[in-house]
Amino acid sequence: MKRQTLLITVVALALSACSSIGAKPWQRSALARPDMQVDADPVLAGLDDHIYFSKEASSGGRGFGGGGCGCN
Amino acid sequence: MQLKNRRQSLTAATLTLLGTAAAGGAQADGRSWDIDSAVLVYSESGGRVQAIEPVVKGTLDLGGERYFSAKLVFDSLTGASPNGATPASTPQTFTGASGGGRASVTPAFETPLDDRFKDTRVQGVLDYSFPVSANGTLGFGGTVSSEYDFLSAGANLRYAHDLFQNNTTLSVGLSVEADQIDPVGGAPEPLTRVATGGGGGGDDEGEGEGENEGGGGRTQSKTVTDLVLGLTQVLGPRSLLQLNYSLSASSGYQNDPYKLLSVVGSDGEPDYYVWESRPDSRLKHALFARYKLFSFNRDVVDASYRYMTDDWGIASSTIDLTYRWNFAAHHYLEPHLRWYTQTAADFYRVALYDGEDQTVAHASADPRLGAFDAWTAGVKLGGTLNSGSDWSARLEWYQQQSKLTGVPAQAADGLSKFDLQPDLSAVMFTVGYRFKW
Amino acid sequence: MASPCEVLIDGASSAQTAELAHLAAAEVWRIEAHWSRYRKNNIVHRINTAGGKPVKVDEETARFLDYAQHLYQFSDGLFDVTSGVLRRIWTFDGSDRVPDARQIDAILPLVGWQKVDWQSPWLRMPAGMEIDFGGIGKEYAVDRALGLLRAQTPLPVLVNCGGDLAASGPHLDGSDWQVGVEIPGRADTPLMTLRAGGLASSGDAHRYLLKDGVRYPHVLDPRSGRAVTGGPHTVTVRASSCTEAGVLSTLALLHGPQAEDYLRSCGADAAVWW
């Protein structure tokens, strides 16, 4: 676990160090679109998580993995 | 709609400039609930599980980037799911709900199902997020979920920090959940014999019941702790990358109190049945990556991958792709493809060989712990109405293809005449509606 | 901002009117002094002469720069506070001296808000670039002055600086303010009404170049460095504030022949004179 945590920190620094990456505040019109948000439809995603949680052995990843149901 | 929004953003920005935004009446009448609602209908083929799940979520913008939300989920399930036993050449009889219910007879060569599967779940979620600094946002939430034999309460705390002109967001989240399981007829003692109404194996009825008496009956519990570390990086004016690492530790009662295993002879026919037994803890790690791209100045590509592994020996990969085709100003069509594969848990067994129940520490025939691939294919159609409300309708097909593992070698020949892991297929239909209230 | 300003107060004594007019005038002068590009010791001068070094700006200027950034995004780059340097090659003196492509290409590297690094309260701009708040400074001053007066009196007030105006509410008898819009080259003065909020006009006035029969008005697209031809003479917009009205009328003019389509798409309450 510690190793993976470190990896993520390093990736963050590596990405930010590169000045060509990212968007300036005035270049954000596409990124500000509702359909470009990482969680564009949270209610639908929640329903999907619940279905797959009760039919498969994996959960979480996108967010917390807890199911809050006795379905698994 | 979008131009109207732009005009509103100009008005709001002007108010901010003039320093009247806080004092003006514009904000007071602007405070309204954003309601996000959906209904999912889930239907498995072959008369198995049918579910209908309505959700309603309201978010209140309190101003100053402070958001309060409340969500209510109902979940109504009916139908049958495999109880873990293998088919037999003669009819098998099981008493539903750990001996408390009526007996059901499974015809020869069919997968025994537990048709007691009828439940209603209600879940409530409250959440609040607010800025704690120019770049930091804190959020916390609580959730309670209740069904007939299960009660769950959880709380979570999240912090997100924006860096480099909001091009990088680092986040950390911690969630704790406590579950209480109250199985109908009590929690059975793992790997003890199941009381049957006279099964195909011809084992003595009294013996089974006697062994079960000494079992649970107690309320069982487990706690699940989740940690999620996240990074969202804007790659350019049109693309972004999200990376999450999550750790989930579950300790306590992990069994499905209604799942059992057949104990078979070399002929593959069941002699008796035992209750499943899983370890009392589980540690999962997952890595999740999502890429989003605004393409052709119109559409949105969303591609994600998840790798998960746990100390039960399960490893899984999930690839999820959607393409949102914004074919008209206010309408879109979104095809979706998902591929999933998992390996089996170390203790997954299709059945146990005669006497093996005395020697193994853990065993489960729950198909969800076996190896399989799964495909989801679907399409979503959505749009925005003149009122500014958003609607969507999605139809999807889900298909699991199992890969046979965990067959006891001594009974492999005998079991080979049965369909040991029937594939699961389901249709899902979801409608969503978002509006201001 | 060299326009005469007037303050009208419905139902006030002349002494009260004079007192409030002084208050309004002081606010307009303060803003003028703060942001005039003709003064030597203000923040705009410091920014424009920083030579590529970062400048820390005051809170009010920071709000204005945030707003400028918003307008840049809102208008897809059409509204740009760095466009003032185009004046170096465009002199609207009624002559035919339209700059050629070489002159325009030489100056364009100095135009473009996207080249500015703005992280409140720090602003860093490449050397040679300039900012100019003239495009919205007057309308802002009108709104600020009205805000001050509104805090002093519940009576209906109207502040007017050279045709850009804002009113706190209708006359005491409930009737609207009548506003005459001066259209250059027209003898009559069309009347518009204003109940509360702002009204602003943008026009090419008498400032233009004329070459080969084409009229190049004093309306410059900061993205191309060229004058926008074929548009209306004057656009008048009514909005919730004078500043917002000024932004919309300016942007409409910058849309040239599509001015009316643009106003309609924004849902703007406007009058257009060709």
# chains A, B, ... in the order shown; residues from 1 in each chain; ligands from 1

call {"tool": "residues_around", "arguments": {"residues": "B:Ser89", "least_positions_apart": "4", "cutoff": "10 Å", "atoms": "only C-alpha atoms", "output": "list in words"}}
result
Pro107, Ala108, Phe109, Glu110, Gly200, Gly201, Gly268, Glu269, Pro270, Lys417 and Phe418 of chain B

call {"tool": "write_last_selection", "arguments": {"atoms": "N, CA and C atoms", "output": "compact mmCIF listing (two decimals), in the first residue's frame"}}
result
# COMPACT_ATOMS: atom_id res chain seq x y z
N PRO B 107 -35.97 -29.81 -9.58
CA PRO B 107 -36.00 -30.98 -10.46
C PRO B 107 -34.59 -31.49 -10.78
N ALA B 108 -34.50 -32.73 -11.18
CA ALA B 108 -33.22 -33.33 -11.54
C ALA B 108 -32.53 -32.52 -12.63
N PHE B 109 -31.22 -32.44 -12.50
CA PHE B 109 -30.34 -31.77 -13.47
C PHE B 109 -30.51 -30.24 -13.51
N GLU B 110 -31.26 -29.70 -12.58
CA GLU B 110 -31.39 -28.23 -12.57
C GLU B 110 -30.60 -27.62 -11.42
N GLY B 200 -31.48 -35.23 -2.65
CA GLY B 200 -31.12 -36.22 -3.63
C GLY B 200 -30.07 -37.18 -3.11
N GLY B 201 -29.29 -36.74 -2.15
CA GLY B 201 -28.21 -37.56 -1.64
C GLY B 201 -28.70 -38.66 -0.72
N GLY B 268 -20.61 -37.80 -8.22
CA GLY B 268 -21.05 -36.43 -8.45
C GLY B 268 -22.40 -36.12 -7.82
N GLU B 269 -23.00 -37.13 -7.16
CA GLU B 269 -24.31 -36.90 -6.55
C GLU B 269 -24.11 -36.43 -5.11
N PRO B 270 -24.95 -35.48 -4.64
CA PRO B 270 -24.76 -34.95 -3.29
C PRO B 270 -25.11 -35.96 -2.19
N LYS B 417 -21.50 -34.37 -15.86
CA LYS B 417 -22.77 -34.47 -16.58
C LYS B 417 -23.71 -33.29 -16.27
N PHE B 418 -23.29 -32.46 -15.29
CA PHE B 418 -24.17 -31.35 -14.92
C PHE B 418 -23.65 -30.02 -15.47

call {"tool": "residues_around", "arguments": {"residues": "B:Ala51", "least_positions_apart": "5", "cutoff": "9 Å", "atoms": "only C-alpha atoms", "output": "PyMOL selection string"}}
result
chain B and resi 40-44+75-79

call {"tool": "interface_residues", "arguments": {"of": "chain C", "to": "chain B", "cutoff": "9 Å", "atoms": "only C-alpha atoms", "output": "ChimeraX atom specification"}}
result
/C:60,63-64,66-67,70-71,74,119,140,143-144,147,239-241,243-244,265-268

call {"tool": "interface_residues", "arguments": {"of": "chain C", "to": "chain A", "cutoff": "9 Å", "atoms": "only C-alpha atoms", "output": "PyMOL selection string"}}
result
chain C and resi 69-70+72-73+76-77+113-114+117-118

call {"tool": "write_last_selection", "arguments": {"atoms": "N, CA and C atoms", "output": "compact mmCIF listing (two decimals), in the first residue's frame"}}
result
# COMPACT_ATOMS: atom_id res chain seq x y z
N GLN C 69 -11.25 38.49 -17.06
CA GLN C 69 -10.99 37.10 -17.44
C GLN C 69 -12.29 36.39 -17.80
N HIS C 70 -13.31 36.65 -16.98
CA HIS C 70 -14.61 36.04 -17.25
C HIS C 70 -15.13 36.51 -18.62
N TYR C 72 -13.44 37.53 -21.15
CA TYR C 72 -12.65 36.94 -22.21
C TYR C 72 -13.19 35.56 -22.57
N GLN C 73 -13.49 34.78 -21.53
CA GLN C 73 -14.03 33.43 -21.77
C GLN C 73 -15.45 33.52 -22.31
N ASP C 76 -15.45 34.34 -25.98
CA ASP C 76 -14.52 33.60 -26.85
C ASP C 76 -13.40 34.49 -27.36
N GLY C 77 -12.89 35.37 -26.48
CA GLY C 77 -11.73 36.18 -26.82
C GLY C 77 -12.03 37.51 -27.48
N TRP C 113 -5.38 38.13 -23.95
CA TRP C 113 -5.44 37.86 -22.50
C TRP C 113 -4.84 36.49 -22.17
N GLN C 114 -4.87 35.58 -23.16
CA GLN C 114 -4.34 34.24 -22.88
C GLN C 114 -2.84 34.27 -22.59
N ASP C 117 -0.57 36.04 -17.29
CA ASP C 117 -0.61 35.10 -16.17
C ASP C 117 -1.29 35.81 -15.01
N TRP C 118 -2.54 35.50 -14.79
CA TRP C 118 -3.31 36.18 -13.72
C TRP C 118 -3.66 35.18 -12.63

call {"tool": "decode", "arguments": {"residues": "stretch 36-57 of chain A", "atoms": "C-alpha atoms", "output": "PDB file, in the first residue's frame"}}
result
ATOM      1  CA  MET A  36     -16.770  16.479 -19.119  1.00  0.00           C
ATOM      2  CA  GLN A  37     -16.933  16.110 -15.331  1.00  0.00           C
ATOM      3  CA  VAL A  38     -15.342  12.962 -13.908  1.00  0.00           C
ATOM      4  CA  ASP A  39     -18.635  12.104 -12.252  1.00  0.00           C
ATOM      5  CA  ALA A  40     -21.071  13.394 -14.844  1.00  0.00           C
ATOM      6  CA  ASP A  41     -24.045  11.301 -13.740  1.00  0.00           C
ATOM      7  CA  PRO A  42     -23.537  10.289 -10.097  1.00  0.00           C
ATOM      8  CA  VAL A  43     -27.008   8.845  -9.553  1.00  0.00           C
ATOM      9  CA  LEU A  44     -26.711   6.505 -12.533  1.00  0.00           C
ATOM     10  CA  ALA A  45     -23.171   5.580 -11.496  1.00  0.00           C
ATOM     11  CA  GLY A  46     -24.474   4.749  -8.034  1.00  0.00           C
ATOM     12  CA  LEU A  47     -27.092   2.404  -9.484  1.00  0.00           C
ATOM     13  CA  ASP A  48     -24.435   0.708 -11.624  1.00  0.00           C
ATOM     14  CA  ASP A  49     -22.131   0.290  -8.625  1.00  0.00           C
ATOM     15  CA  HIS A  50     -24.944  -1.348  -6.694  1.00  0.00           C
ATOM     16  CA  ILE A  51     -25.771  -3.803  -9.481  1.00  0.00           C
ATOM     17  CA  TYR A  52     -22.167  -4.827 -10.078  1.00  0.00           C
ATOM     18  CA  PHE A  53     -21.448  -4.991  -6.353  1.00  0.00           C
ATOM     19  CA  SER A  54     -24.191  -7.573  -5.974  1.00  0.00           C
ATOM     20  CA  LYS A  55     -23.189  -9.625  -9.041  1.00  0.00           C
ATOM     21  CA  GLU A  56     -19.388  -9.513  -9.022  1.00  0.00           C
ATOM     22  CA  ALA A  57     -16.619  -9.855  -6.455  1.00  0.00           C
TER      23      ALA A  57
END
